[in-house]
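Participant: Dropping the structure in here first, questions after.
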2 protein chains.
Amino acid sequence: MLEPQTGAGRADELPAHGGDLALARRAFPAAPQPWLDLSTGVNPYAYPFRAPPPEALTRLPEPQALAELEAAARAAFGAPASVAVVAGAGTQALISWLPRLLRARRAAVLGFSYAEHALAFARAGAEVETAARIDELEDFDAAVVVNPNNPDGRMVDPQRLAALAARLARKGATLIVDEAFADFGGRDASLAPLMPPAGAVVLRSFGKAYGLPGLRLGFALCGAELAARLRAALGPWPVAGPALDIARQAYGDADWLAATGRRLAGAAAALDALLAEAGLAAAGRAPLFRLVEARNAEEIFERLARAGIWTRRFAQKPGWLRLAIPEGEEERVRLREALRTGPL
Amino acid sequence: MLEPQTGAGRADELPAHGGDLALARRAFPAAPQPWLDLSTGVNPYAYPFRAPPPEALTRLPEPQALAELEAAARAAFGAPASVAVVAGAGTQALISWLPRLLRARRAAVLGFSYAEHALAFARAGAEVETAARIDELEDFDAAVVVNPNNPDGRMVDPQRLAALAARLARKGATLIVDEAFADFGGRDASLAPLMPPAGAVVLRSFGKAYGLPGLRLGFALCGAELAARLRAALGPWPVAGPALDIARQAYGDADWLAATGRRLAGAAAALDALLAEAGLAAAGRAPLFRLVEARNAEEIFERLARAGIWTRRFAQKPGWLRLAIPEGEEERVRLREALRTGPL
């Protein structure tokens with residue numbers, strides 16, 4: 001247990017991921033309730049789904065329901081029919097399996113980025129390096145690009161990724177493009193429509209864009225041979241019934257995605273204005289988060305936490321603070337007040 | 001697509017698992033609706049849970065909620081504090097990872113049994129054998145006993161399994177005991193309370209006993225070192241929010257488990273009587289299923305399917321037919337009629 005009112009702001013004790021409000025409560029027990037959680041990159045506007053039928057829980061998910069979900073996801077991502085779409089219980093399940101199935105000896109991640117890729121390759125016995133530039137990725141058996149990147153929003157042109165994948169494929173190597181935050185970027189921001197038949201894996205996450213990360217659902221788009229091994233590893237019932245039912249509704253609703261993208265852009269602009277007011281320019285941006293860079297990021301984190309607002313710090317980047325997009329004016333007022341007042 | 005009214009009864013085209021009603025509909029399109037699915041070993045009396053809060057979907061599951069579920073499961077299974085309890089998105093996710101993490105070169109499964117264990121070890125590169133007797137399991141790096149066994153209900157005394165695990169542990173080998181169907185057997189039927197600190201893994205499934213397999217939830221009970229590797233492989237959010245919330249309710253409700261066990265025993269006795277009436281004695285039994293052995297099992301399967309009743313056949317055991325426990329008299333009347341009438 002952490003000491004009250006200390007700790008969670010210090011770089012040596014940071015949680016590995018956002019969203020851990022139990023930790024926030026332990027570290028800042030005097031903070032006003034309820035906590036405003038801006039520590040993840042989850043859409044505050046959850047998809048308004050119809051409740052799944054009871055059979056989504058009382059029966060084993062059927063192979064046909066899985067195939068239908070994967071077809072709906074393929075259409076939503078704009079992936080060609082030549083590419084396999086494999087659903088798993090969250091992208092994390094796919095991130096863990098890929099290094100084992102690819103059997104890469106040397107892997108590189110375009111950094112600084114989401115930590116779980118490097119961890120998964122290291123656990124599978126690979127030597128893992130962080131690459132600073134995309135052309136450095138060509139000398140590895142497996143290369144990972146998070147696009148848009150988490151947490152700084154850096155974008156690599158999908159045309160460039162397609163060319164890189166083709167070059168890697170000729171050497172028997174594989175490019176993994178994690179598009180966990182790509183849903184609101186439009187088709188031009190995704191490698192999915194340009195996928196080569198082999199040598200590339202695109203990862204997509206359902207929960208962040210649709211505001212339902214508790215369902216645990218993610219997809220790998222890849223060639224047939226890798227897809228078969230991935231399906232075998234995940235086994236016969238890889239996705240829970242509620243996720244199958246709800247995500248199939250959501251991926252069929254392009255209107256909601258477009259309208260919500262506009263709504264998010266408005267809320268993100270309001271956040272940008274609020275941050276500018278406080279003298280904090282966004283150093284990185286994606287539709288679902290902003291990255292702030294500040295000399296006193298630790299103090300800002302702590303001031304916000306004392307006001308019951310949980311943000312995301314990074315052990316390796318002490319000057320960085322990532323904030324999700326606040327839902328509406330009530331949340332922005334709270335954030336504005338917290339940034340304005342209190343000891344710095 | 002299968003040809004109408006043929007196929008799904010032939011041993012060379014059997015589905016690998018029960019519960020695939022889409023296949024049943026394709027193979028027997030003229031069967032009366034709705035289908036009565038007796039092809040799985042799922043409890044027909046689902047746990048009457050309180051609906052999870054919206055945050056179970058709209059937030060990432062928190063580490064503390066996972067720890068609380070694992071504590072509730074530990075108490076329900078009667079596992080000592082020295083044993084780690086690791087939750088995953090269905091026992092299948094654990095079955096797939098264990099061979100990779102144990103790195104066994106030679107594995108044996110006490111057969112005939114649930115096929116996924118042997119498949120998972122083979123995929124991980126192990127040489128896999130089927131053992132006919134429990135004492136044959138001692139010469140392997142990893143040994144698997146499904147207890148009670150699926151599909152024939154064979155039980156091995158947990159004391160005997162504890163002794164076997166201790167002998168295997170001395171050689172650095174591991175015993176995996178899959179207790180997917182153990183929940184209604186009482187603590188004496190489980191290895192969990194007798195777990196040694198290392199050398200044994202007990203697998204438990206939530207969905208079958210609680211009638212909610214769509215949630216996808218299973219547990220591995222094992223030593224600390226293997227548990228740490230399993231947690232790392234499963235990643236930070238291994239279980240969906242609805243499963244965390246509902247299973248925590250269910251594992252705290254020992255009264256429901258006891259009452260439902262009695263209710264199931266009554267329904268199973270009624271099924272036994274009905275089978276005896278039709279000249280079919282149960283050749284194997286567990287609280288959630290009965291196994292019928294008959295020279296004309298394929299004909300019985302097909303007759304039932306034409307009446308809209310889906311049962312479970314096994315490619316390697318053409319004389320076997322597994323039936324789940326029908327929920328009530330309405331389902332039994334339908335089964336009785338189907339067994340009595342129609343061409344044989």
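We name chains A, B, ... following the order of the structure tokens; residues begin at 1 in each chain, and ligands are numbered from 1 as shown.
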Within 6 Å of chain A, which residues belong to chain B? Use only C-alpha atoms and report them as a list of chain:residue names.
Facilitator: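 Applying the cut-off to the listed atoms yields B:Asp20, B:Ala56, B:Leu57, B:Thr58, B:Arg59, B:Leu60, B:Pro61, B:Glu62, B:Ser96, B:Gly211, B:Leu212, B:Pro213, B:Gly214, B:Leu215, B:Arg216, B:Ala233, B:Ala240, B:Gly241.
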Participant: Keeping only all heavy atoms, write the selected residues to a file as a compact mmCIF listing (two decimals), in the first residue's frame.
Facilitator:
# COMPACT_ATOMS: atom_id res chain seq x y z
N ASP B 20 -22.49 -25.67 -31.43
CA ASP B 20 -22.51 -24.99 -32.73
C ASP B 20 -23.87 -25.19 -33.40
O ASP B 20 -24.03 -26.03 -34.28
CB ASP B 20 -21.38 -25.52 -33.60
CG ASP B 20 -21.18 -24.69 -34.87
OD1 ASP B 20 -22.06 -23.87 -35.20
OD2 ASP B 20 -20.14 -24.87 -35.53
N ALA B 56 -18.47 -1.38 -15.97
CA ALA B 56 -17.89 -2.68 -16.32
C ALA B 56 -17.56 -2.72 -17.82
O ALA B 56 -16.68 -3.46 -18.25
CB ALA B 56 -18.84 -3.81 -15.96
N LEU B 57 -18.27 -1.92 -18.62
CA LEU B 57 -17.99 -1.84 -20.05
C LEU B 57 -17.19 -0.59 -20.42
O LEU B 57 -16.30 -0.65 -21.26
CB LEU B 57 -19.29 -1.85 -20.86
CG LEU B 57 -20.19 -3.08 -20.70
CD1 LEU B 57 -21.37 -2.98 -21.66
CD2 LEU B 57 -19.42 -4.36 -20.96
N THR B 58 -17.53 0.54 -19.79
CA THR B 58 -16.96 1.81 -20.25
C THR B 58 -15.56 2.09 -19.69
O THR B 58 -14.92 3.04 -20.11
CB THR B 58 -17.87 3.01 -19.88
OG1 THR B 58 -18.03 3.06 -18.46
CG2 THR B 58 -19.23 2.87 -20.54
N ARG B 59 -15.09 1.28 -18.75
CA ARG B 59 -13.74 1.48 -18.21
C ARG B 59 -12.91 0.21 -18.41
O ARG B 59 -13.45 -0.89 -18.50
CB ARG B 59 -13.80 1.79 -16.70
CG ARG B 59 -14.39 3.17 -16.40
CD ARG B 59 -14.35 3.48 -14.91
NE ARG B 59 -13.06 3.22 -14.31
CZ ARG B 59 -11.99 4.01 -14.42
NH1 ARG B 59 -12.08 5.14 -15.09
NH2 ARG B 59 -10.84 3.68 -13.87
N LEU B 60 -11.61 0.39 -18.47
CA LEU B 60 -10.73 -0.77 -18.45
C LEU B 60 -10.86 -1.45 -17.09
O LEU B 60 -10.91 -0.76 -16.07
CB LEU B 60 -9.27 -0.33 -18.65
CG LEU B 60 -8.82 -0.08 -20.08
CD1 LEU B 60 -7.51 0.69 -20.09
CD2 LEU B 60 -8.67 -1.40 -20.82
N PRO B 61 -10.90 -2.79 -17.06
CA PRO B 61 -10.96 -3.47 -15.77
C PRO B 61 -9.73 -3.10 -14.92
O PRO B 61 -8.62 -3.04 -15.44
CB PRO B 61 -10.94 -4.95 -16.16
CG PRO B 61 -11.40 -4.99 -17.58
CD PRO B 61 -10.92 -3.71 -18.20
N GLU B 62 -9.95 -2.83 -13.64
CA GLU B 62 -8.85 -2.39 -12.78
C GLU B 62 -8.15 -3.57 -12.12
O GLU B 62 -8.77 -4.59 -11.81
CB GLU B 62 -9.38 -1.44 -11.71
CG GLU B 62 -9.87 -0.13 -12.31
CD GLU B 62 -9.92 0.99 -11.29
OE1 GLU B 62 -9.11 0.98 -10.34
OE2 GLU B 62 -10.78 1.87 -11.44
N SER B 96 -3.92 -22.91 -23.76
CA SER B 96 -3.03 -22.57 -24.87
C SER B 96 -1.66 -22.09 -24.39
O SER B 96 -0.65 -22.40 -25.01
CB SER B 96 -3.66 -21.47 -25.74
OG SER B 96 -4.71 -21.98 -26.50
N GLY B 211 -23.49 -21.62 -15.69
CA GLY B 211 -24.40 -21.48 -16.82
C GLY B 211 -24.19 -20.21 -17.63
O GLY B 211 -25.11 -19.76 -18.31
N LEU B 212 -22.95 -19.65 -17.60
CA LEU B 212 -22.68 -18.39 -18.28
C LEU B 212 -21.37 -18.48 -19.09
O LEU B 212 -20.47 -17.65 -18.93
CB LEU B 212 -22.58 -17.25 -17.24
CG LEU B 212 -23.84 -16.99 -16.41
CD1 LEU B 212 -23.54 -16.06 -15.23
CD2 LEU B 212 -24.94 -16.39 -17.29
N PRO B 213 -21.29 -19.46 -20.00
CA PRO B 213 -20.02 -19.66 -20.72
C PRO B 213 -19.69 -18.52 -21.68
O PRO B 213 -18.54 -18.38 -22.09
CB PRO B 213 -20.23 -20.98 -21.46
CG PRO B 213 -21.71 -21.05 -21.66
CD PRO B 213 -22.31 -20.43 -20.41
N GLY B 214 -20.70 -17.71 -22.05
CA GLY B 214 -20.45 -16.58 -22.95
C GLY B 214 -19.55 -15.52 -22.33
O GLY B 214 -18.97 -14.70 -23.03
N LEU B 215 -19.42 -15.53 -20.99
CA LEU B 215 -18.57 -14.54 -20.32
C LEU B 215 -17.09 -14.80 -20.54
O LEU B 215 -16.28 -13.89 -20.43
CB LEU B 215 -18.84 -14.53 -18.81
CG LEU B 215 -20.11 -13.84 -18.34
CD1 LEU B 215 -20.25 -14.00 -16.83
CD2 LEU B 215 -20.08 -12.36 -18.69
N ARG B 216 -16.70 -16.06 -20.80
CA ARG B 216 -15.29 -16.46 -20.98
C ARG B 216 -14.47 -16.14 -19.73
O ARG B 216 -13.91 -15.04 -19.59
CB ARG B 216 -14.63 -15.79 -22.20
CG ARG B 216 -15.41 -15.86 -23.50
CD ARG B 216 -15.85 -17.26 -23.89
NE ARG B 216 -14.73 -18.16 -24.02
CZ ARG B 216 -14.71 -19.37 -23.45
NH1 ARG B 216 -15.72 -19.82 -22.72
NH2 ARG B 216 -13.70 -20.15 -23.61
N ALA B 233 2.10 -13.30 -19.57
CA ALA B 233 1.62 -13.71 -20.90
C ALA B 233 0.20 -13.20 -21.16
O ALA B 233 -0.13 -12.79 -22.26
CB ALA B 233 1.66 -15.23 -21.03
N ALA B 240 -12.69 -9.64 -19.02
CA ALA B 240 -13.62 -8.55 -19.34
C ALA B 240 -14.38 -8.09 -18.09
O ALA B 240 -14.59 -8.85 -17.14
CB ALA B 240 -14.60 -9.00 -20.41
N GLY B 241 -14.81 -6.84 -18.11
CA GLY B 241 -15.50 -6.23 -16.98
C GLY B 241 -16.75 -6.99 -16.53
O GLY B 241 -16.92 -7.24 -15.33
Participant: Name the residues in contact with A:Thr311 at a cut-off of 9 Å, using only C-alpha atoms, excluding same-chain residues fewer than 5 positions from it; report them as a PDB file with C-alpha atoms, in the first residue's frame.
Facilitator:
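For reference, result.pdb as written:
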ATOM      1  CA  GLY A  18      -3.689   4.290 -17.109  1.00  0.00           C
ATOM      2  CA  GLY A  19      -7.111   3.665 -15.612  1.00  0.00           C
ATOM      3  CA  LEU A  36     -12.294  12.243 -13.157  1.00  0.00           C
ATOM      4  CA  ASP A  37     -10.232   9.653 -15.038  1.00  0.00           C
ATOM      5  CA  LEU A  38      -8.255  11.217 -17.895  1.00  0.00           C
ATOM      6  CA  SER A  39      -5.439   8.654 -17.611  1.00  0.00           C
ATOM      7  CA  THR A  40      -6.491   6.439 -20.536  1.00  0.00           C
ATOM      8  CA  PHE A 301       0.137  15.647 -12.209  1.00  0.00           C
ATOM      9  CA  LEU A 304      -4.560  17.484 -10.655  1.00  0.00           C
ATOM     10  CA  ALA A 305      -4.552  14.315  -8.553  1.00  0.00           C
ATOM     11  CA  LEU A 321       1.645  14.055 -19.167  1.00  0.00           C
ATOM     12  CA  ARG A 322      -1.068  12.446 -21.301  1.00  0.00           C
ATOM     13  CA  LEU A 323      -4.695  13.518 -20.929  1.00  0.00           C
ATOM     14  CA  ALA A 324      -7.794  11.903 -22.409  1.00  0.00           C
TER      15      ALA A 324
END
Participant: Could you give me, as a list in words, the residues within 10 Å of B:Ala162, counting only C-alpha atoms and dropping anything in the same chain fewer than 3 positions from it?
Facilitator: Asp157, Pro158, Gln159, Ala165, Ala166, Arg167, Leu168, Leu175, Leu191, Ala192, Pro193, Leu194, Met195, Pro196, Gly199 and Ala200 of chain B
Participant: Within stretch 222-296 of chain A, find each residue whose DSSP state, derived from the backbone, is strand (DSSP E or B), and express the selection as a list in words.
Facilitator: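 Everything in stretch 222-296 of chain A that counts as strand (DSSP E or B) is Cys222, Ala282, Ala283, Gly284, Arg285, Ala286, Phe289, Arg290, Leu291, Val292 and Glu293 of chain A.
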Participant: Could you jot down the atom CA of A:Glu68 to atom CA of A:Ala169 separation for me, Å, one decimal place?
Facilitator: 29.5 Å
Participant: So, with only C-alpha atoms as the atoms that count, which of B:Val83, B:Ala30, B:Ala270, B:Leu66 lies closest to B:Leu226?
Facilitator: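 Of the candidates, the smallest distance to B:Leu226 is held by B:Val83.
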Participant: Could you jot down the atom CA of B:Val146 to atom CA of B:Val177 separation for me, Å, one decimal place?
Facilitator: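 For atom CA of B:Val146 relative to atom CA of B:Val177, the distance reads 5.6 Å.
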